[in-house]
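**Student:** Let me begin by handing over the structure; questions about it come next.
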Amino acid sequence: MLRVAAIAPESLGAELGLGPGDELLAINGRELVDFLDWEFLAADEAFLLSVRTAAGEEIEFDIERPEDLPLGVSLEPPKIRRCANRCDFCFVDGNPGGSRKTLFIRDDDYRLSFRHGNFATLSNLKEKDIRRILEYRLSPLYVSVHATNADVRRRLLRNPKAPDILEQLSMFAAGGIQFHAQIVLVPGLNDGEVLEKSLADLYAMGDAIITVSIVPVALTAFSKQDVVRSPSRDEARAAVATLERWAKKARETRKTGETGEGWVYGSDELYMLADLDFPPAEAYDGFPQVENGVGSVRYLEGLLDEGKNELPDLTGKKVLVCTGTAMGRLMPRLLPKLEASTGGSFELAILENSYYGPAVTCAGLLPGEAFRGALKSAPHCDLALLPAESVNEDGLFVDDVSLASVEATAPMPVLLSYHFTDALAGAGVG
């Protein structure tokens with residue numbers, strides 16, 4: 001069922017009289033199943049739209065859309081496709097008991113892979129899903145490959161019915177679909193020779209595989225640590241050596257114009273586990289998987305350099321920067337740049353994760369109570385910056401503490417920030 005959530009004023013939807021609660025039934029007689037149907041079928045300049053109003057009246061609109069008039073229809077969120085796998089390393093299973101229900105949703109939705117870059121395994125596709133992906137050319141998709149060896153992958157997913165991923169990728173590639181792939185590295189299962197084979201298989205698919213990322217498995221204090229563990233320093237180094245060898249080959253043979261691209265990249269966490277320096281910014285080729293933690297530090301450094309002229313004068317001001325233990329090890333190389341550009345003093349609060357356990361080091365999963373405590377301990381600061389990714393769209397941290405409640409008890413103004421300049425440029429504390 002496709003239901004209207006809101007209608008923008010001065011839009012075609014408003015002119016038609018559509019409103020919240022109306023059901024969008026069909027376009028040109030074709031049933032509207034979800035937002036994909038709506039976006040693709042309603043893209044035509046002229047079409048017949050069948051609607052059931054909130055009052056229960058069925059109406060058919062003969063629409064001829066002016067180019068300068070948007071439809072203005074916002075849809076209710078889709079029902080998320082649930083994951084059919086039971087991976088031992090699933091982060092959902094690593095949630096503490098009593099966490100809010102939304103944290104336990106196992107999503108594995110090809111639609112969100114296309115729309116938002118969420119990684120999906122493609123293990124729950126039906127024939128109609130395959131037809132839609134090909135018909136609508138949903139490309140690129142973001143796919144959790146993990147291993148191209150079908151038996152190893154089924155073991156990793158704990159799903160004996162998972163289809164052969166190479167067969168799936170090849171079938172879609174023949175229809176013009178491209179992919180960004182990820183391999184979550186689980187030592188003893190998909191590293192070593194299995195990793196080598198996976199990269200060889202994906203490389204052989206040519207342009208269909210745009211990029212590959214290698215990310216170490218992330219475990220919380222509540223994960224199944226009796227059956228899965230994080231890579232050791234030596235294991236992480238071996239994985240880095242493997243991916244960098246393939247990246248070198250890619251730069252020499254996968255040409256884009258006059259240059260080559262690395263194709264396969266390791267996440268920041270993998271390099272930190274390996275105790276190795278990050279590659280230079282240019283090695284990430286435009287940061288195609290930065291949202292997956294690949295090149296985050298170099299990306300942040302670049303944003304700081306680009307936005308330094310937009311920063312306010314903070315002379316005499318003290319700014320508290322709160323982050324997790326992963327970025328905490330790297331902030332000392334970034335904060336001097338901020339101090340030089342603003343004249344302010346930046347103090348670092350490195351927070352250990354009291355909700356998931358100390359093994360979870362990313363700032364985005366820090367609980368609200370950890371931030372509350374850090375802010376109360378720094379009454380001498382004039383401003384505090386919190387990682388914006390730690391708060392969801394409802395203004396809640398992972399422990400269900402609201403940003404508003406943290407702000408209410410903080411002894412200074414609090415701003416959410418992705419890369420410093422986004423918050424400080426308009427802070428008004430200069």
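Every chain in the structure tokens takes a letter, A first, then B, and so on in the order presented; its residues are numbered from 1, and the ligands are numbered from 1 following the presented order.
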Can you tell me, as a VMD selection string, what residues are no more than 7 Å from range 228-236 of chain A when counting only C-alpha atoms, ignoring any on the same chain fewer than 4 positions away?
**Tutor:** chain A and resid 88 to 89 186 to 187 216 to 217 224 240 270 273 to 275
**Student:** Restrict the selected residues to N, CA and C atoms and save them as a PDB file, in the first residue's frame.
**Tutor:**
```pdb
ATOM      1  N   ASP A  88      26.701 -14.635  12.492  1.00  0.00           N
ATOM      2  CA  ASP A  88      27.223 -14.600  13.857  1.00  0.00           C
ATOM      3  C   ASP A  88      27.749 -13.217  14.220  1.00  0.00           C
ATOM      4  N   PHE A  89      28.134 -12.439  13.211  1.00  0.00           N
ATOM      5  CA  PHE A  89      28.704 -11.112  13.457  1.00  0.00           C
ATOM      6  C   PHE A  89      27.672 -10.006  13.295  1.00  0.00           C
ATOM      7  N   VAL A 186      36.115 -11.532   8.529  1.00  0.00           N
ATOM      8  CA  VAL A 186      35.982 -12.374   9.718  1.00  0.00           C
ATOM      9  C   VAL A 186      37.172 -13.331   9.738  1.00  0.00           C
ATOM     10  N   PRO A 187      38.123 -13.128  10.635  1.00  0.00           N
ATOM     11  CA  PRO A 187      39.338 -13.953  10.606  1.00  0.00           C
ATOM     12  C   PRO A 187      39.034 -15.441  10.738  1.00  0.00           C
ATOM     13  N   PRO A 216      36.817  -4.598   8.775  1.00  0.00           N
ATOM     14  CA  PRO A 216      36.889  -5.637   9.814  1.00  0.00           C
ATOM     15  C   PRO A 216      35.566  -5.797  10.534  1.00  0.00           C
ATOM     16  N   VAL A 217      35.260  -6.989  10.955  1.00  0.00           N
ATOM     17  CA  VAL A 217      34.025  -7.260  11.665  1.00  0.00           C
ATOM     18  C   VAL A 217      33.956  -6.401  12.926  1.00  0.00           C
ATOM     19  N   LYS A 224      28.470 -12.439  19.663  1.00  0.00           N
ATOM     20  CA  LYS A 224      28.820 -13.855  19.870  1.00  0.00           C
ATOM     21  C   LYS A 224      30.335 -14.043  19.807  1.00  0.00           C
ATOM     22  N   VAL A 240      45.489  -5.892   4.548  1.00  0.00           N
ATOM     23  CA  VAL A 240      45.913  -4.650   3.908  1.00  0.00           C
ATOM     24  C   VAL A 240      46.896  -4.937   2.784  1.00  0.00           C
ATOM     25  N   LEU A 270      40.351  -0.877   9.645  1.00  0.00           N
ATOM     26  CA  LEU A 270      41.280  -1.944   9.260  1.00  0.00           C
ATOM     27  C   LEU A 270      42.723  -1.463   9.384  1.00  0.00           C
ATOM     28  N   LEU A 273      43.610  -1.218  13.083  1.00  0.00           N
ATOM     29  CA  LEU A 273      43.900  -2.532  13.649  1.00  0.00           C
ATOM     30  C   LEU A 273      45.269  -3.027  13.206  1.00  0.00           C
ATOM     31  N   ALA A 274      45.643  -2.687  11.982  1.00  0.00           N
ATOM     32  CA  ALA A 274      46.940  -3.106  11.446  1.00  0.00           C
ATOM     33  C   ALA A 274      48.074  -2.224  11.964  1.00  0.00           C
ATOM     34  N   ASP A 275      47.743  -1.149  12.645  1.00  0.00           N
ATOM     35  CA  ASP A 275      48.739  -0.189  13.143  1.00  0.00           C
ATOM     36  C   ASP A 275      49.569   0.360  11.988  1.00  0.00           C
TER      37      ASP A 275
END
```
**Student:** Using only C-alpha atoms, which protein or nucleic acid residues come within 8 Å of Gly266 in chain A? Drop anything in the same chain fewer than 4 positions from it, and give the result as a PyMOL selection string.
**Tutor:** chain A and resi 213-215+240+243+270-271+294
**Student:** Go ahead and dump the residues you just picked, all heavy atoms, as a compact mmCIF listing (two decimals), in the first residue's frame.
**Tutor:**
```
# COMPACT_ATOMS: atom_id res chain seq x y z
N SER A 213 35.18 -2.61 -0.77
CA SER A 213 35.76 -2.20 0.51
C SER A 213 35.96 -3.43 1.39
O SER A 213 35.18 -4.39 1.32
CB SER A 213 34.85 -1.20 1.23
OG SER A 213 33.60 -1.78 1.55
N ILE A 214 37.01 -3.37 2.19
CA ILE A 214 37.27 -4.43 3.16
C ILE A 214 37.21 -3.81 4.54
O ILE A 214 37.96 -2.88 4.86
CB ILE A 214 38.63 -5.10 2.91
CG1 ILE A 214 38.65 -5.72 1.51
CG2 ILE A 214 38.92 -6.15 3.97
CD1 ILE A 214 39.95 -6.38 1.14
N VAL A 215 36.28 -4.29 5.35
CA VAL A 215 35.96 -3.71 6.65
C VAL A 215 36.07 -4.80 7.71
O VAL A 215 35.45 -5.87 7.54
CB VAL A 215 34.53 -3.13 6.64
CG1 VAL A 215 34.19 -2.48 7.95
CG2 VAL A 215 34.36 -2.14 5.49
N VAL A 240 45.49 -5.89 4.55
CA VAL A 240 45.91 -4.65 3.91
C VAL A 240 46.90 -4.94 2.78
O VAL A 240 46.80 -4.36 1.69
CB VAL A 240 46.53 -3.69 4.95
CG1 VAL A 240 47.23 -2.52 4.24
CG2 VAL A 240 45.47 -3.17 5.90
N LEU A 243 44.87 -6.29 -0.22
CA LEU A 243 44.07 -5.28 -0.93
C LEU A 243 44.96 -4.27 -1.64
O LEU A 243 44.63 -3.81 -2.74
CB LEU A 243 43.08 -4.61 0.02
CG LEU A 243 43.56 -3.56 1.03
CD1 LEU A 243 43.59 -2.17 0.41
CD2 LEU A 243 42.66 -3.55 2.26
N LEU A 270 40.35 -0.88 9.65
CA LEU A 270 41.28 -1.94 9.26
C LEU A 270 42.72 -1.46 9.38
O LEU A 270 43.59 -2.18 9.90
CB LEU A 270 40.99 -2.40 7.83
CG LEU A 270 41.86 -3.56 7.33
CD1 LEU A 270 41.55 -4.84 8.11
CD2 LEU A 270 41.62 -3.80 5.83
N TYR A 271 42.98 -0.25 8.92
CA TYR A 271 44.34 0.30 9.02
C TYR A 271 44.73 0.53 10.48
O TYR A 271 45.90 0.35 10.85
CB TYR A 271 44.45 1.59 8.22
CG TYR A 271 44.69 1.34 6.74
CD1 TYR A 271 43.62 1.21 5.86
CD2 TYR A 271 45.97 1.22 6.23
CE1 TYR A 271 43.83 0.97 4.51
CE2 TYR A 271 46.20 0.98 4.89
CZ TYR A 271 45.11 0.85 4.03
OH TYR A 271 45.34 0.60 2.70
N VAL A 294 35.45 4.25 4.96
CA VAL A 294 36.63 4.09 4.11
C VAL A 294 37.17 5.46 3.74
O VAL A 294 36.59 6.17 2.92
CB VAL A 294 36.29 3.29 2.84
CG1 VAL A 294 37.51 3.16 1.95
CG2 VAL A 294 35.75 1.91 3.21
```
**Student:** Looking at A:Leu375, A:Ala241, A:Ala340, A:Ala283, which one is nearest to Thr323 in chain A, with distances taken over only C-alpha atoms?
**Tutor:**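 Comparing A:Leu375, A:Ala241, A:Ala340, A:Ala283 against Thr323 in chain A, the winner is A:Leu375.
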**Student:** Can you tell me which residues surround range 9-18 of chain A at a distance of at most 12 Å, considering only C-alpha atoms, apart from same-chain residues fewer than 2 positions away, and format the answer as a PyMOL selection string?
**Tutor:** chain A and resi 3-7+20-24+42+49-55+57-75
**Student:** Would you save the residues of that selection, restricted to N, CA and C atoms, as a tab-separated table (two decimals), in the first residue's frame?
**Tutor:**
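Below is the file that was written, selection-v8.tsv:
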```tsv
chain	number	residue	atom	x	y	z
A	3	ARG	N	0.84	5.17	0.58
A	3	ARG	CA	-0.01	6.19	1.18
A	3	ARG	C	0.73	7.52	1.26
A	4	VAL	N	0.00	8.61	1.02
A	4	VAL	CA	0.57	9.95	1.05
A	4	VAL	C	0.79	10.37	2.50
A	5	ALA	N	2.00	10.91	2.76
A	5	ALA	CA	2.30	11.44	4.09
A	5	ALA	C	2.07	12.95	4.15
A	6	ALA	N	2.44	13.66	3.07
A	6	ALA	CA	2.29	15.11	3.05
A	6	ALA	C	2.30	15.59	1.60
A	7	ILE	N	1.72	16.76	1.39
A	7	ILE	CA	1.69	17.39	0.08
A	7	ILE	C	2.29	18.79	0.19
A	20	PRO	N	-2.76	14.00	2.99
A	20	PRO	CA	-2.26	12.91	3.83
A	20	PRO	C	-3.33	11.84	4.03
A	21	GLY	N	-2.90	10.59	3.94
A	21	GLY	CA	-3.81	9.46	4.10
A	21	GLY	C	-4.38	8.94	2.81
A	22	ASP	N	-4.27	9.70	1.73
A	22	ASP	CA	-4.74	9.20	0.43
A	22	ASP	C	-3.85	8.03	-0.02
A	23	GLU	N	-4.48	7.03	-0.65
A	23	GLU	CA	-3.74	5.88	-1.16
A	23	GLU	C	-3.54	6.03	-2.67
A	24	LEU	N	-2.30	5.89	-3.10
A	24	LEU	CA	-1.98	5.93	-4.53
A	24	LEU	C	-2.04	4.50	-5.04
A	42	ALA	N	5.72	7.75	-12.27
A	42	ALA	CA	5.20	9.13	-12.24
A	42	ALA	C	6.18	10.12	-12.86
A	49	LEU	N	-3.59	8.55	-13.00
A	49	LEU	CA	-3.31	8.21	-11.60
A	49	LEU	C	-4.61	7.82	-10.90
A	50	SER	N	-4.63	6.61	-10.36
A	50	SER	CA	-5.79	6.13	-9.60
A	50	SER	C	-5.51	6.30	-8.11
A	51	VAL	N	-6.48	6.92	-7.43
A	51	VAL	CA	-6.30	7.28	-6.02
A	51	VAL	C	-7.53	6.86	-5.23
A	52	ARG	N	-7.31	6.39	-4.00
A	52	ARG	CA	-8.40	6.21	-3.05
A	52	ARG	C	-8.18	7.23	-1.94
A	53	THR	N	-9.07	8.17	-1.79
A	53	THR	CA	-8.89	9.23	-0.81
A	53	THR	C	-9.04	8.68	0.60
A	54	ALA	N	-8.61	9.49	1.55
A	54	ALA	CA	-8.72	9.10	2.95
A	54	ALA	C	-10.17	8.87	3.35
A	55	ALA	N	-11.09	9.49	2.61
A	55	ALA	CA	-12.52	9.32	2.87
A	55	ALA	C	-13.10	8.08	2.20
A	57	GLU	N	-13.13	7.50	-1.22
A	57	GLU	CA	-13.59	7.73	-2.60
A	57	GLU	C	-12.46	7.40	-3.58
A	58	GLU	N	-12.78	6.65	-4.64
A	58	GLU	CA	-11.80	6.32	-5.67
A	58	GLU	C	-11.92	7.29	-6.83
A	59	ILE	N	-10.77	7.90	-7.20
A	59	ILE	CA	-10.73	8.92	-8.25
A	59	ILE	C	-9.60	8.59	-9.21
A	60	GLU	N	-9.84	8.89	-10.49
A	60	GLU	CA	-8.77	8.75	-11.48
A	60	GLU	C	-8.46	10.12	-12.05
A	61	PHE	N	-7.18	10.53	-11.95
A	61	PHE	CA	-6.74	11.82	-12.45
A	61	PHE	C	-6.01	11.63	-13.77
A	62	ASP	N	-6.39	12.40	-14.78
A	62	ASP	CA	-5.69	12.42	-16.06
A	62	ASP	C	-4.68	13.56	-15.99
A	63	ILE	N	-3.42	13.21	-15.75
A	63	ILE	CA	-2.42	14.22	-15.41
A	63	ILE	C	-1.55	14.55	-16.62
A	64	GLU	N	-1.41	15.83	-16.87
A	64	GLU	CA	-0.41	16.35	-17.79
A	64	GLU	C	0.41	17.36	-16.99
A	65	ARG	N	1.63	17.00	-16.71
A	65	ARG	CA	2.41	17.75	-15.73
A	65	ARG	C	3.26	18.82	-16.42
A	66	PRO	N	3.10	20.09	-16.05
A	66	PRO	CA	4.01	21.13	-16.54
A	66	PRO	C	5.42	20.87	-16.01
A	67	GLU	N	6.42	21.21	-16.81
A	67	GLU	CA	7.80	20.92	-16.42
A	67	GLU	C	8.20	21.66	-15.15
A	68	ASP	N	7.65	22.85	-14.94
A	68	ASP	CA	8.08	23.67	-13.81
A	68	ASP	C	7.23	23.45	-12.56
A	69	LEU	N	6.33	22.46	-12.57
A	69	LEU	CA	5.45	22.23	-11.43
A	69	LEU	C	5.72	20.84	-10.83
A	70	PRO	N	6.32	20.79	-9.63
A	70	PRO	CA	6.62	19.49	-9.03
A	70	PRO	C	5.36	18.79	-8.56
A	71	LEU	N	5.45	17.47	-8.48
A	71	LEU	CA	4.31	16.71	-7.95
A	71	LEU	C	4.08	17.04	-6.48
A	72	GLY	N	5.16	17.18	-5.71
A	72	GLY	CA	5.04	17.60	-4.32
A	72	GLY	C	4.46	16.57	-3.38
A	73	VAL	N	4.56	15.28	-3.76
A	73	VAL	CA	3.98	14.21	-2.94
A	73	VAL	C	5.07	13.55	-2.11
A	74	SER	N	4.90	13.56	-0.80
A	74	SER	CA	5.78	12.82	0.10
A	74	SER	C	5.04	11.57	0.58
A	75	LEU	N	5.73	10.44	0.54
A	75	LEU	CA	5.10	9.16	0.87
A	75	LEU	C	5.42	8.72	2.29
```
**Student:** Within 6 Å of Gln178 in chain A, counting only C-alpha atoms, which residues qualify if same-chain residues fewer than 4 places away don't, as a ChimeraX atom specification?
**Tutor:** /A:139-140,208-209
